[in-house]
$ cat final13.txt   # compact mmCIF, C-alpha atoms
# COMPACT_ATOMS: atom_id res chain seq x y z
CA MET A 1 6.70 13.21 -32.15
CA ASN A 2 4.34 10.78 -33.88
CA ALA A 3 6.89 8.00 -33.47
CA GLU A 4 7.04 8.68 -29.72
CA ALA A 5 3.24 8.69 -29.49
CA ASP A 6 3.06 5.47 -31.44
CA ALA A 7 5.62 3.86 -29.12
CA LEU A 8 3.65 4.92 -26.04
CA ALA A 9 0.41 3.63 -27.55
CA ALA A 10 2.07 0.31 -28.33
CA ALA A 11 3.41 0.09 -24.77
CA GLN A 12 -0.04 0.81 -23.37
CA ASP A 13 -1.63 -1.83 -25.57
CA ALA A 14 0.96 -4.40 -24.50
CA VAL A 15 0.40 -3.69 -20.81
CA LYS A 16 -3.37 -3.87 -21.12
CA ASP A 17 -3.28 -6.98 -23.27
CA ALA A 18 -1.11 -8.85 -20.74
CA ASP A 19 -3.30 -7.61 -17.92
CA ARG A 20 -6.49 -8.85 -19.53
CA LYS A 21 -4.95 -12.22 -20.38
CA HIS A 22 -3.24 -12.99 -17.09
CA VAL A 23 -4.11 -10.71 -14.13
CA PHE A 24 -7.04 -11.70 -11.94
CA HIS A 25 -8.30 -8.52 -10.26
CA SER A 26 -9.79 -8.34 -6.77
CA TRP A 27 -13.46 -7.51 -6.08
CA SER A 28 -14.25 -7.61 -9.81
CA ALA A 29 -16.17 -9.48 -12.47
CA GLN A 30 -13.14 -10.02 -14.68
CA GLU A 31 -14.77 -9.43 -18.09
CA LEU A 32 -16.56 -6.25 -17.00
CA ILE A 33 -13.52 -4.16 -16.06
CA ASP A 34 -11.13 -2.02 -18.08
CA PRO A 35 -8.16 -1.09 -15.86
CA LEU A 36 -6.30 2.11 -16.61
CA ALA A 37 -2.71 1.43 -17.71
CA VAL A 38 -0.45 3.56 -15.48
CA ALA A 39 2.86 4.72 -16.93
CA GLY A 40 4.31 6.54 -13.91
CA ALA A 41 3.71 8.54 -10.76
CA GLU A 42 5.29 11.23 -8.61
CA GLY A 43 4.14 13.15 -5.58
CA SER A 44 0.36 13.47 -5.58
CA TYR A 45 -0.05 12.50 -9.25
CA PHE A 46 0.04 9.50 -11.55
CA TRP A 47 -0.37 9.39 -15.32
CA ASP A 48 -1.24 7.08 -18.19
CA TYR A 49 0.57 6.35 -21.44
CA GLN A 50 -1.32 9.11 -23.25
CA GLY A 51 -0.01 11.74 -20.86
CA ASN A 52 -3.23 12.22 -18.91
CA ARG A 53 -2.29 13.22 -15.35
CA TYR A 54 -4.53 12.45 -12.39
CA LEU A 55 -4.42 14.17 -9.02
CA ASP A 56 -4.75 11.20 -6.68
CA PHE A 57 -7.38 11.96 -4.03
CA SER A 58 -7.37 8.29 -3.03
CA SER A 59 -3.67 7.85 -2.12
CA ALA A 60 -3.89 4.60 -4.13
CA LEU A 61 -5.89 2.65 -1.52
CA VAL A 62 -5.26 5.18 1.27
CA TYR A 63 -1.61 4.28 1.69
CA THR A 64 0.68 6.65 -0.26
CA ASN A 65 0.85 8.89 2.81
CA ILE A 66 4.05 10.58 1.61
CA GLY A 67 3.08 10.49 -2.08
CA TYR A 68 4.58 8.54 -4.95
CA GLN A 69 8.30 8.05 -5.60
CA HIS A 70 9.74 9.92 -2.64
CA PRO A 71 13.47 9.82 -3.45
CA LYS A 72 14.61 9.04 0.11
CA ILE A 73 12.38 5.98 0.35
CA ALA A 74 13.43 4.71 -3.05
CA ALA A 75 17.08 5.19 -2.10
CA ALA A 76 16.63 3.38 1.22
CA ILE A 77 15.12 0.36 -0.54
CA GLN A 78 17.94 0.36 -3.11
CA ASP A 79 20.60 0.65 -0.41
CA GLN A 80 19.08 -2.21 1.58
CA ALA A 81 18.84 -4.39 -1.54
CA ALA A 82 22.53 -3.85 -2.17
CA LYS A 83 23.35 -4.80 1.44
CA LEU A 84 20.91 -7.64 2.22
CA CYS A 85 17.76 -8.43 0.23
CA THR A 86 16.22 -10.98 2.54
CA VAL A 87 16.79 -13.15 5.58
CA ALA A 88 14.54 -15.51 7.54
CA PRO A 89 12.33 -13.92 10.19
CA GLY A 90 13.95 -15.79 13.08
CA PHE A 91 17.17 -13.76 12.90
CA ALA A 92 17.89 -10.42 14.57
CA VAL A 93 18.58 -7.88 11.83
CA ASP A 94 19.47 -4.21 12.26
CA VAL A 95 16.81 -2.77 9.95
CA ARG A 96 14.04 -4.96 11.35
CA SER A 97 14.94 -4.04 14.91
CA GLU A 98 15.07 -0.35 13.99
CA ALA A 99 11.67 -0.47 12.28
CA ALA A 100 10.15 -2.12 15.35
CA ARG A 101 11.76 0.46 17.65
CA LEU A 102 10.52 3.42 15.61
CA ILE A 103 6.97 2.04 15.46
CA ALA A 104 6.91 1.18 19.18
CA GLU A 105 8.07 4.69 20.07
CA ARG A 106 5.02 6.12 18.33
CA THR A 107 2.32 3.71 19.48
CA PRO A 108 0.38 4.66 22.61
CA GLY A 109 0.95 3.25 26.08
CA ASP A 110 2.94 0.05 26.50
CA LEU A 111 2.50 -1.33 22.98
CA ASP A 112 6.22 -2.00 22.76
CA LYS A 113 6.40 -5.38 21.01
CA ILE A 114 5.88 -5.50 17.24
CA PHE A 115 4.82 -8.61 15.31
CA PHE A 116 5.38 -7.99 11.61
CA THR A 117 3.03 -9.19 8.87
CA ASN A 118 2.90 -8.59 5.13
CA ALA A 119 -0.27 -6.49 5.16
CA GLY A 120 -3.26 -5.35 7.17
CA ALA A 121 -5.52 -8.38 6.89
CA GLU A 122 -2.76 -10.61 8.27
CA ALA A 123 -2.34 -8.15 11.14
CA VAL A 124 -6.02 -8.56 11.99
CA GLU A 125 -5.79 -12.34 11.72
CA ASN A 126 -2.89 -12.46 14.16
CA ALA A 127 -4.35 -9.92 16.56
CA VAL A 128 -7.50 -12.03 16.87
CA ARG A 129 -5.42 -15.18 17.32
CA MET A 130 -3.42 -13.50 20.08
CA ALA A 131 -6.58 -12.30 21.82
CA ARG A 132 -8.16 -15.76 21.74
CA LEU A 133 -5.03 -17.45 23.06
CA HIS A 134 -4.53 -14.79 25.73
CA THR A 135 -8.11 -15.06 27.06
CA GLY A 136 -8.98 -18.65 26.20
CA ARG A 137 -12.26 -17.38 24.75
CA PRO A 138 -13.66 -17.89 21.23
CA LYS A 139 -15.87 -14.93 20.25
CA VAL A 140 -14.90 -11.59 18.72
CA LEU A 141 -17.24 -8.60 18.43
CA SER A 142 -16.99 -6.17 15.52
CA ALA A 143 -19.12 -3.41 14.06
CA TYR A 144 -21.53 -3.74 11.15
CA ARG A 145 -20.08 -0.60 9.59
CA SER A 146 -16.52 -1.88 9.26
CA TYR A 147 -13.89 -3.36 6.99
CA HIS A 148 -10.99 -5.41 8.39
CA GLY A 149 -9.57 -7.24 5.35
CA ALA A 150 -10.28 -10.09 2.96
CA THR A 151 -8.60 -13.09 4.60
CA SER A 152 -10.78 -15.68 6.31
CA THR A 153 -11.16 -14.24 9.82
CA ALA A 154 -10.83 -10.62 8.70
CA ILE A 155 -13.61 -10.86 6.12
CA ASN A 156 -15.94 -12.43 8.68
CA LEU A 157 -15.11 -9.61 11.09
CA THR A 158 -15.91 -7.13 8.33
CA GLY A 159 -19.40 -5.73 8.54
CA ASP A 160 -19.89 -4.21 5.09
CA ALA A 161 -21.35 -5.97 2.06
CA ARG A 162 -18.05 -7.49 0.96
CA ARG A 163 -18.62 -9.98 3.76
CA PHE A 164 -21.73 -11.43 2.13
CA GLY A 165 -20.02 -13.74 -0.36
CA ASN A 166 -17.56 -15.01 2.24
CA ASP A 167 -19.51 -15.18 5.51
CA THR A 168 -19.41 -18.69 6.93
CA ALA A 169 -21.38 -17.86 10.10
CA THR A 170 -18.92 -20.19 11.88
CA ALA A 171 -16.07 -17.77 12.58
CA GLY A 172 -17.05 -16.87 16.12
CA VAL A 173 -17.93 -13.31 15.09
CA VAL A 174 -20.78 -11.25 16.52
CA HIS A 175 -21.61 -7.89 14.93
CA PHE A 176 -23.00 -4.83 16.69
CA TRP A 177 -23.95 -1.26 15.79
CA SER A 178 -21.31 1.39 16.38
CA PRO A 179 -22.29 5.08 16.55
CA PHE A 180 -23.06 7.01 13.37
CA ALA A 181 -25.08 10.08 14.26
CA TYR A 182 -25.97 11.03 10.67
CA ARG A 183 -27.72 7.67 10.18
CA SER A 184 -28.28 6.80 13.81
CA PRO A 185 -29.35 3.21 14.49
CA PHE A 186 -30.36 4.42 17.97
CA TYR A 187 -32.72 7.27 16.96
CA ALA A 188 -30.40 9.70 18.72
CA THR A 189 -30.70 13.44 18.18
CA THR A 190 -27.28 14.52 19.51
CA GLU A 191 -23.72 13.20 19.43
CA ALA A 192 -23.79 12.70 23.21
CA GLU A 193 -27.03 10.74 22.99
CA GLU A 194 -25.64 8.62 20.13
CA CYS A 195 -22.53 7.83 22.16
CA GLU A 196 -24.45 6.87 25.30
CA ARG A 197 -26.92 4.67 23.43
CA ALA A 198 -24.20 2.99 21.37
CA LEU A 199 -22.27 2.09 24.51
CA ARG A 200 -25.43 0.76 26.17
CA HIS A 201 -26.13 -1.36 23.07
CA LEU A 202 -22.58 -2.71 23.08
CA GLU A 203 -22.77 -3.62 26.76
CA ASP A 204 -26.12 -5.34 26.20
CA THR A 205 -24.50 -7.32 23.38
CA ILE A 206 -21.64 -8.34 25.66
CA VAL A 207 -24.01 -9.40 28.44
CA PHE A 208 -26.33 -11.40 26.20
CA GLU A 209 -23.45 -13.07 24.32
CA GLY A 210 -21.78 -13.96 27.64
CA PRO A 211 -18.69 -11.97 28.63
CA GLN A 212 -16.88 -15.19 29.54
CA SER A 213 -17.06 -16.22 25.85
CA ILE A 214 -15.76 -12.97 24.32
CA ALA A 215 -12.04 -12.70 23.54
CA ALA A 216 -11.95 -9.31 21.86
CA ILE A 217 -13.75 -6.29 20.53
CA ILE A 218 -12.20 -4.91 17.34
CA LEU A 219 -12.93 -1.43 16.01
CA GLU A 220 -11.48 0.82 13.35
CA THR A 221 -10.26 3.87 15.25
CA VAL A 222 -11.86 5.93 12.48
CA GLY A 223 -14.12 3.88 10.25
CA GLY A 224 -12.42 3.83 6.85
CA ALA A 225 -14.25 1.97 4.10
CA PRO A 226 -17.64 2.50 5.83
CA GLY A 227 -17.33 6.23 5.26
CA VAL A 228 -14.70 7.97 7.42
CA LEU A 229 -16.77 7.54 10.57
CA VAL A 230 -15.29 9.65 13.35
CA HIS A 231 -16.51 8.33 16.69
CA PRO A 232 -18.14 10.76 19.15
CA ALA A 233 -15.91 12.02 21.94
CA GLY A 234 -16.65 9.46 24.65
CA TYR A 235 -17.12 6.34 22.59
CA LEU A 236 -13.65 4.81 22.36
CA PRO A 237 -12.87 5.55 26.03
CA GLY A 238 -16.23 3.95 26.82
CA VAL A 239 -15.35 0.81 24.86
CA ARG A 240 -12.00 0.69 26.64
CA ALA A 241 -13.85 0.80 29.98
CA LEU A 242 -16.21 -2.01 28.92
CA CYS A 243 -13.29 -4.18 27.87
CA ASP A 244 -11.61 -3.59 31.22
CA ARG A 245 -14.84 -4.39 33.10
CA TYR A 246 -15.36 -7.72 31.36
CA GLY A 247 -11.77 -8.83 30.77
CA ILE A 248 -12.03 -8.42 26.98
CA VAL A 249 -9.07 -7.58 24.74
CA PHE A 250 -9.53 -4.24 22.96
CA VAL A 251 -8.16 -4.27 19.40
CA LEU A 252 -7.89 -1.09 17.35
CA ASP A 253 -7.56 -1.39 13.58
CA GLU A 254 -5.36 1.54 12.49
CA ILE A 255 -4.46 -0.01 9.15
CA MET A 256 -5.97 2.83 7.14
CA VAL A 257 -5.59 5.69 9.60
CA GLY A 258 -2.15 5.17 11.15
CA PHE A 259 1.02 7.06 10.30
CA GLY A 260 -0.27 10.57 9.89
CA ARG A 261 -3.50 10.04 8.01
CA THR A 262 -5.67 11.78 10.64
CA GLY A 263 -3.04 14.34 11.68
CA LYS A 264 -1.62 12.15 14.45
CA TRP A 265 0.85 9.28 14.28
CA PHE A 266 -2.06 7.05 15.32
CA ALA A 267 -5.70 8.09 15.38
CA SER A 268 -6.17 6.77 18.92
CA GLU A 269 -4.23 9.83 20.10
CA HIS A 270 -7.28 11.98 19.32
CA TRP A 271 -9.13 10.25 22.17
CA ASP A 272 -6.17 9.38 24.42
CA VAL A 273 -7.05 5.68 24.22
CA THR A 274 -4.61 2.78 24.40
CA PRO A 275 -5.81 -0.58 23.06
CA ASP A 276 -4.35 -3.96 24.01
CA LEU A 277 -3.47 -4.69 20.39
CA LEU A 278 -3.07 -2.22 17.52
CA CYS A 279 -3.07 -3.31 13.86
CA PHE A 280 -1.14 -1.25 11.30
CA ALA A 281 -0.08 -1.42 7.65
CA LYS A 282 -0.45 0.84 4.57
CA GLY A 283 1.13 4.15 5.61
CA VAL A 284 3.98 2.53 7.57
CA THR A 285 5.88 2.27 4.26
CA SER A 286 3.59 4.55 2.23
CA GLY A 287 2.84 1.34 0.34
CA TYR A 288 6.30 1.24 -1.28
CA VAL A 289 6.89 -2.32 -0.03
CA PRO A 290 4.08 -4.31 1.63
CA LEU A 291 4.31 -4.34 5.43
CA GLY A 292 1.86 -4.64 8.31
CA GLY A 293 1.91 -5.67 11.90
CA VAL A 294 0.48 -5.82 15.39
CA ALA A 295 1.70 -3.66 18.26
CA ILE A 296 1.30 -5.73 21.42
CA SER A 297 0.74 -4.69 25.04
CA ALA A 298 2.98 -5.92 27.84
CA ALA A 299 0.26 -8.15 29.31
CA ILE A 300 -0.39 -9.98 26.04
CA ALA A 301 3.31 -10.23 25.24
CA GLU A 302 3.82 -11.86 28.64
CA THR A 303 1.36 -14.63 27.67
CA PHE A 304 3.89 -15.76 25.07
CA ALA A 305 7.03 -15.14 27.12
CA ARG A 306 7.50 -18.80 28.03
CA LYS A 307 5.18 -20.59 25.66
CA PRO A 308 5.42 -20.31 21.88
CA TYR A 309 3.10 -18.10 19.89
CA PRO A 310 1.59 -20.52 17.35
CA GLY A 311 1.78 -18.27 14.33
CA GLY A 312 4.27 -16.91 11.85
CA LEU A 313 4.90 -15.80 8.29
CA THR A 314 7.71 -16.60 5.88
CA TYR A 315 8.27 -12.92 5.13
CA SER A 316 7.57 -11.49 8.59
CA GLY A 317 9.65 -8.34 8.90
CA HIS A 318 11.06 -8.58 5.39
CA VAL A 319 14.19 -6.45 5.36
CA LEU A 320 13.28 -4.46 2.23
CA ALA A 321 9.91 -3.59 3.75
CA CYS A 322 11.53 -2.70 7.07
CA ALA A 323 14.00 -0.45 5.26
CA ALA A 324 11.07 1.30 3.62
CA ALA A 325 9.37 1.67 7.03
CA VAL A 326 12.47 3.16 8.68
CA ALA A 327 12.91 5.63 5.84
CA THR A 328 9.21 6.53 5.76
CA ILE A 329 9.02 7.24 9.48
CA ASN A 330 12.23 9.28 9.42
CA VAL A 331 11.05 11.30 6.41
CA MET A 332 7.71 11.96 8.10
CA GLU A 333 9.59 13.29 11.13
CA GLU A 334 12.10 15.34 9.13
CA GLU A 335 9.49 16.91 6.87
CA GLY A 336 6.78 17.38 9.52
CA ILE A 337 4.29 15.39 7.46
CA VAL A 338 2.06 14.37 10.39
CA GLU A 339 1.73 18.01 11.40
CA GLN A 340 1.14 18.98 7.76
CA SER A 341 -1.69 16.47 7.54
CA ALA A 342 -3.31 18.03 10.60
CA ARG A 343 -2.99 21.57 9.18
CA THR A 344 -4.28 20.51 5.77
CA GLY A 345 -7.39 19.05 7.36
CA ALA A 346 -8.06 21.92 9.73
CA GLU A 347 -7.23 24.80 7.38
CA LEU A 348 -7.87 23.55 3.85
CA LEU A 349 -9.76 20.29 3.35
CA GLY A 350 -12.30 20.63 6.16
CA PRO A 351 -13.26 24.25 5.41
CA GLY A 352 -13.14 23.69 1.65
CA LEU A 353 -15.38 20.61 1.74
CA ARG A 354 -17.88 22.41 3.99
CA VAL A 355 -18.09 25.23 1.44
CA LEU A 356 -18.89 22.63 -1.23
CA ALA A 357 -21.59 21.18 1.02
CA GLU A 358 -23.25 24.59 1.19
CA ARG A 359 -23.13 24.90 -2.60
CA HIS A 360 -24.37 21.44 -3.56
CA PRO A 361 -27.67 19.85 -2.51
CA SER A 362 -26.21 16.37 -3.11
CA VAL A 363 -23.83 16.71 -0.14
CA GLY A 364 -25.58 15.53 3.00
CA GLU A 365 -22.65 15.51 5.42
CA VAL A 366 -18.95 16.31 5.57
CA ARG A 367 -16.79 14.45 8.10
CA GLY A 368 -13.15 13.70 8.67
CA LEU A 369 -9.77 14.47 10.24
CA GLY A 370 -6.38 15.36 8.80
CA THR A 371 -6.17 14.14 5.21
CA PHE A 372 -9.04 11.68 5.62
CA TRP A 373 -12.53 12.97 4.76
CA ALA A 374 -15.78 11.84 3.21
CA LEU A 375 -18.76 13.47 1.56
CA GLU A 376 -22.04 11.62 2.12
CA LEU A 377 -24.04 12.08 -1.08
CA VAL A 378 -27.84 12.11 -0.92
CA ARG A 379 -30.86 12.45 -3.14
CA ASP A 380 -32.70 14.49 -0.54
CA ALA A 381 -30.96 16.45 2.21
CA ALA A 382 -34.10 16.51 4.34
CA THR A 383 -34.79 12.76 4.30
CA ARG A 384 -31.09 11.83 3.94
CA GLU A 385 -31.95 9.26 1.28
CA PRO A 386 -28.61 8.04 -0.12
CA LEU A 387 -27.75 9.00 -3.68
CA VAL A 388 -27.62 5.28 -4.48
CA PRO A 389 -28.97 2.32 -2.48
CA TYR A 390 -26.78 0.27 -0.14
CA ASN A 391 -24.49 -2.10 -2.07
CA ALA A 392 -25.79 -0.71 -5.37
CA SER A 393 -24.49 -1.99 -8.71
CA GLY A 394 -25.32 -1.62 -12.38
CA ALA A 395 -28.12 0.80 -13.18
CA ASP A 396 -28.80 1.41 -9.50
CA ASN A 397 -25.28 2.82 -9.13
CA ALA A 398 -25.47 5.03 -12.23
CA PRO A 399 -25.45 8.39 -10.36
CA MET A 400 -22.19 7.52 -8.57
CA ALA A 401 -20.69 6.11 -11.78
CA GLU A 402 -21.49 9.34 -13.61
CA PHE A 403 -20.04 11.39 -10.78
CA GLY A 404 -16.85 9.33 -10.79
CA ALA A 405 -16.49 9.69 -14.56
CA ALA A 406 -16.82 13.48 -14.24
CA LEU A 407 -14.06 13.57 -11.64
CA LYS A 408 -11.71 11.51 -13.81
CA LYS A 409 -12.48 13.66 -16.83
CA GLY A 410 -11.48 16.67 -14.76
CA GLY A 411 -8.18 15.05 -13.84
CA LEU A 412 -8.93 13.85 -10.30
CA TRP A 413 -8.80 10.19 -9.33
CA PRO A 414 -11.47 9.50 -6.70
CA LEU A 415 -12.10 6.87 -4.06
CA LEU A 416 -15.82 6.10 -4.25
CA ALA A 417 -17.61 3.73 -1.89
CA GLY A 418 -21.36 3.32 -1.88
CA ASN A 419 -22.92 6.77 -1.85
CA ARG A 420 -19.71 8.48 -0.68
CA ILE A 421 -16.55 9.99 -2.01
CA HIS A 422 -13.61 9.57 0.34
CA VAL A 423 -11.14 12.43 0.13
CA ALA A 424 -7.75 10.99 1.09
CA PRO A 425 -4.87 12.65 -0.78
CA PRO A 426 -1.26 12.15 0.31
CA CYS A 427 -0.62 13.60 3.78
CA ASN A 428 1.96 15.96 2.26
CA ILE A 429 -0.23 17.28 -0.56
CA SER A 430 0.50 20.91 -1.38
CA PRO A 431 -2.06 23.68 -0.72
CA GLU A 432 -2.13 24.36 -4.47
CA ASP A 433 -3.09 20.76 -5.21
CA VAL A 434 -5.74 20.80 -2.48
CA ALA A 435 -7.28 23.86 -4.15
CA LYS A 436 -7.08 22.21 -7.57
CA GLY A 437 -8.73 19.04 -6.29
CA LEU A 438 -11.53 20.93 -4.57
CA ALA A 439 -12.20 22.89 -7.76
CA ILE A 440 -12.53 19.67 -9.78
CA LEU A 441 -14.75 18.19 -7.09
CA ASP A 442 -16.90 21.33 -7.08
CA GLU A 443 -17.54 21.05 -10.80
CA ALA A 444 -18.21 17.31 -10.73
CA LEU A 445 -20.71 17.57 -7.87
CA SER A 446 -23.10 19.25 -10.33
CA VAL A 447 -23.48 15.76 -11.86
CA ALA A 448 -24.56 14.38 -8.49
CA ASP A 449 -26.82 17.41 -7.94
CA ALA A 450 -28.74 16.47 -11.08
CA HIS A 451 -30.00 13.35 -9.27
CA THR A 452 -31.32 15.18 -6.20
CA ALA A 453 -34.98 15.77 -5.43
$ encode --input "final13.txt" --output "structure tokens"
Amino acid sequence: MNAEADALAAAQDAVKDADRKHVFHSWSAQELIDPLAVAGAEGSYFWDYQGNRYLDFSSALVYTNIGYQHPKIAAAIQDQAAKLCTVAPGFAVDVRSEAARLIAERTPGDLDKIFFTNAGAEAVENAVRMARLHTGRPKVLSAYRSYHGATSTAINLTGDARRFGNDTATAGVVHFWSPFAYRSPFYATTEAEECERALRHLEDTIVFEGPQSIAAIILETVGGAPGVLVHPAGYLPGVRALCDRYGIVFVLDEIMVGFGRTGKWFASEHWDVTPDLLCFAKGVTSGYVPLGGVAISAAIAETFARKPYPGGLTYSGHVLACAAAVATINVMEEEGIVEQSARTGAELLGPGLRVLAERHPSVGEVRGLGTFWALELVRDAATREPLVPYNASGADNAPMAEFGAALKKGGLWPLLAGNRIHVAPPCNISPEDVAKGLAILDEALSVADAHTA
């Protein structure tokens, strides 16, 4: 037994040593991080070389929608690799065509053409390019509370603090305030009032920027990184109406929330809204092989029917990724995973998180859909002062760091952002694991409670 433990320890040390010498990690000061060495994963769990198992309430980065190591997805990738590993994107290939067909069948309205990318940020880049070419206009409007990716256009579209180090102020991007009733920028007192004032603000922005200069408005259907922001009932239909009025392309970013995450195939179904362009990634393959894309309306597709679209990617529609997408979508259908996500949210996660909010003074608000929720943590429930300041780091972020450490000690891997914990387990998480995760969260929230007024 000691020999086995020694071998595992040596393997862990080798992995971490190579990581520290050669891997450059994103969003990090390289000498200040200590990445966990992961030895394996299955279902809703992953584990390290010492045998510590973590219930993953982050779905990696909100993409393992069907959990880790689903055998049918792994087999589909292996089968495709044995048949055809890769081919240039200009060819018609059975698995690519089938992936596009399955995605198009599930997108709303007439979004029947699929342009494949390698990930979500590239989907955003190409959606914006399509909108600008389709309209002949330069500007794109996006929300301050948003995240759209880290490539050049996507990071400028992003509203959150990750934009700061990359913002060129020359990308043709104009930011506006989207609705967020808990921290209303419009001094609203009801959801209906928040919606009406947010739409008025957006129309004022359009008018004063000049509608004839605006190519697109891009929104996350449910705000992901900004805190699982679920728009009030009339907001997305209202934005659709504004886009129609002013001839603006409406782009929905479903990269984080597509493919079952909110209890629908696409979150836009909750509001019966069809955009002109829809960006997807992450859950389309459950992250097993990178894949993203843009679902394109008939009108925009027609723009490029007889003139070339000036964009492309070497690995667009990579056959291994498309095989993973076909298998993922079929498994989600066969196993009823989209419906399971909806039930888990309505019957387990939503009610369970609201119980925790009643028990813990540090929880200011609970919000979410399906298997996509957030707890807004506060120092004072009455004033709604955040538990840590906006874009906090170092000592200022200590309360959230302590809270995160308590969760990991309890065996739950969290997704923390600012003063929030995002609760995003796999869409097919079992009821038993939901209960286990909520129990760990309940205990760890006492750490956050210690920092309340």
$ residues_around --input "final13.txt" --residues "segment 231-245 of chain A" --least-positions-apart "6" --cutoff "10 Å" --atoms "all atoms listed in the file" --output "PyMOL selection string"
chain A and resi 178-181+190-200+202-203+206+211+214-223+251-252+268+270-276
$ residues_around --input "final13.txt" --residues "segment 338-347 of chain A" --least-positions-apart "4" --cutoff "9 Å" --atoms "all atoms listed in the file" --output "MDAnalysis selection string"
chainID A and resid 259:265 332:333 351:352 368:373 426:431 434
$ closest_residue --input "final13.txt" --among "A:Pro35, A:Gly120, A:Gly437, A:Gly149" --to "Gly292 of chain A" --atoms "only C-alpha atoms"
A:Gly120
$ closest_residue --input "final13.txt" --among "A:Asp380, A:Glu31, A:Asp79, A:Glu122" --to "Leu320 of chain A" --atoms "all atoms listed in the file"
A:Asp79
$ residues_around --input "final13.txt" --residues "Arg145 of chain A" --least-positions-apart "3" --cutoff "7 Å" --atoms "all atoms listed in the file" --output "number ranges by chain"
A: 159-160, 226
$ residues_around --input "final13.txt" --residues "segment 40-43 of chain A" --least-positions-apart "2" --cutoff "10 Å" --atoms "only C-alpha atoms" --output "tab-separated table (two decimals) with C-alpha atoms, in the coordinates of the input"
chain	number	residue	atom	x	y	z
A	37	ALA	CA	-2.71	1.43	-17.71
A	38	VAL	CA	-0.45	3.56	-15.48
A	45	TYR	CA	-0.05	12.50	-9.25
A	46	PHE	CA	0.04	9.50	-11.55
A	47	TRP	CA	-0.37	9.39	-15.32
A	48	ASP	CA	-1.24	7.08	-18.19
A	49	TYR	CA	0.57	6.35	-21.44
A	51	GLY	CA	-0.01	11.74	-20.86
A	53	ARG	CA	-2.29	13.22	-15.35
A	54	TYR	CA	-4.53	12.45	-12.39
A	55	LEU	CA	-4.42	14.17	-9.02
A	56	ASP	CA	-4.75	11.20	-6.68
A	64	THR	CA	0.68	6.65	-0.26
A	65	ASN	CA	0.85	8.89	2.81
A	66	ILE	CA	4.05	10.58	1.61
A	67	GLY	CA	3.08	10.49	-2.08
A	68	TYR	CA	4.58	8.54	-4.95
A	69	GLN	CA	8.30	8.05	-5.60
A	70	HIS	CA	9.74	9.92	-2.64
A	71	PRO	CA	13.47	9.82	-3.45
A	426	PRO	CA	-1.26	12.15	0.31
A	428	ASN	CA	1.96	15.96	2.26
A	429	ILE	CA	-0.23	17.28	-0.56
A	430	SER	CA	0.50	20.91	-1.38
$ residues_around --input "final13.txt" --residues "Ser58 of chain A" --least-positions-apart "3" --cutoff "10 Å" --atoms "all atoms listed in the file" --output "list in words"
Ser44, Leu55, Leu61, Val62, Tyr63, Thr64, Phe372, Leu412, Trp413, Pro414, Leu415, Leu416, Ile421, His422, Val423, Ala424, Pro425 and Pro426 of chain A
$ atom_distance --input "final13.txt" --atom1 "atom CA of Pro389 of chain A" --atom2 "atom CA of Arg162 of chain A"
15.1 Å
$ atom_distance --input "final13.txt" --atom1 "atom CA of Gly210 of chain A" --atom2 "atom CA of Pro108 of chain A"
29.4 Å
$ atom_distance --input "final13.txt" --atom1 "atom CA of Thr328 of chain A" --atom2 "atom CA of Gly312 of chain A"
24.7 Å
$ closest_residue --input "final13.txt" --among "A:Lys307, A:Arg379, A:Lys409, A:Lys139" --to "Ala448 of chain A" --atoms "all atoms listed in the file"
A:Arg379
$ closest_residue --input "final13.txt" --among "A:Ile103, A:Val363, A:Ala121, A:Ala382" --to "Asn330 of chain A" --atoms "all atoms listed in the file"
A:Ile103
